[in-house]
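J.: This is the structure, below, for whatever I ask next.
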Amino acid sequence: MKKSYKIDVDCANCANKMEDAAKKTAGVKDATVNFMTLKMSVEFEEGQDPKAVMQEVRKNCKKVEDDCEIFI
């Protein structure tokens with residue numbers, strides 16, 4: 001399953017950090033952050049609960065970029 005989320009981030013480098021953090025989160029098959037559109041696309045591994053996984057993605061993104069936001 002693939003879902004798209006609106007994000008708030010200040011710079012392209014920060015967006016790249018968020019993408020890397022999301023990709024390393026358990027339950028995420030793939031993730032892409034588009035700084036120009038301020039959107040994050042996340043493909044979840046089969047059988048995963050998107051809401052639970054996105055809570056972890058948010059935590060991991062906050063570790064690398066504390067002023068970012070993901071609107072779940």
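By order in the structure tokens, chains are A, B, ...; within a chain, residues start at 1; ligands start at 1, following the order shown.
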What lies within 9 Å of stretch 52-57 of chain A using only C-alpha atoms, ignoring chain neighbours under 2 positions off, as a PyMOL selection string?
T.: chain A and resi 18+21-28+42+44+48-50+59-62+70+72
J.: Generate a file of the selected residues that holds C-alpha atoms, formatted as a PDB file, in the first residue's frame.
T.:
```pdb
ATOM      1  CA  MET A  18      13.631  12.932   6.300  1.00  0.00           C
ATOM      2  CA  ALA A  21      14.988   8.370   8.086  1.00  0.00           C
ATOM      3  CA  ALA A  22      11.646   7.198   6.676  1.00  0.00           C
ATOM      4  CA  LYS A  23      13.305   4.531   4.510  1.00  0.00           C
ATOM      5  CA  LYS A  24      15.081   3.098   7.579  1.00  0.00           C
ATOM      6  CA  THR A  25      11.836   2.779   9.575  1.00  0.00           C
ATOM      7  CA  ALA A  26      10.502  -0.739  10.175  1.00  0.00           C
ATOM      8  CA  GLY A  27       7.416  -1.417   8.068  1.00  0.00           C
ATOM      9  CA  VAL A  28       8.409   0.989   5.289  1.00  0.00           C
ATOM     10  CA  VAL A  42       5.416   6.095   1.677  1.00  0.00           C
ATOM     11  CA  PHE A  44       4.324   0.182   3.353  1.00  0.00           C
ATOM     12  CA  GLN A  48       1.709  -3.223   8.184  1.00  0.00           C
ATOM     13  CA  ASP A  49      -0.631  -0.699   9.837  1.00  0.00           C
ATOM     14  CA  PRO A  50       0.073   2.640   8.092  1.00  0.00           C
ATOM     15  CA  LYS A  59       9.696   9.995  15.466  1.00  0.00           C
ATOM     16  CA  ASN A  60      12.651   9.038  13.255  1.00  0.00           C
ATOM     17  CA  CYS A  61      12.307  12.173  11.132  1.00  0.00           C
ATOM     18  CA  LYS A  62      12.206  14.359  14.265  1.00  0.00           C
ATOM     19  CA  ILE A  70       4.376  15.221   8.842  1.00  0.00           C
ATOM     20  CA  ILE A  72      -0.823  12.213   9.310  1.00  0.00           C
TER      21      ILE A  72
END
```
J.: Work out how far apart atom CA of A:Val64 and atom CA of A:Glu45 are and give it in Å to one decimal.
T.: 22.8 Å
J.: For the atom pair atom CA of A:Asn16 and atom CA of A:Val33, what is the interatomic distance in Å to one decimal place?
T.: 7.0 Å
J.: Write out as a list of chain:residue names the set of residues from chain A that DSSP, computed on the backbone, places in strand (DSSP E or B).
T.: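 Checking each residue of chain A, the strand (DSSP E or B) ones are A:Lys2, A:Lys3, A:Ser4, A:Tyr5, A:Lys6, A:Ile7, A:Asp8, A:Val28, A:Lys29, A:Asp30, A:Ala31, A:Thr32, A:Val33, A:Asn34, A:Lys39, A:Met40, A:Ser41, A:Val42, A:Glu43, A:Phe44, A:Glu69, A:Ile70, A:Phe71.
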J.: What lies within 10 Å of A:Phe71 using only C-alpha atoms, ignoring chain neighbours under 4 positions off, as a ChimeraX atom specification?
T.: /A:4-8,39-40,54,58
J.: Between A:Glu69, A:Glu19, A:Asp30, A:Glu43, which is the closest to A:Met1 once you count only C-alpha atoms?
T.: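 For A:Met1, the nearest of the given residues is A:Glu43.
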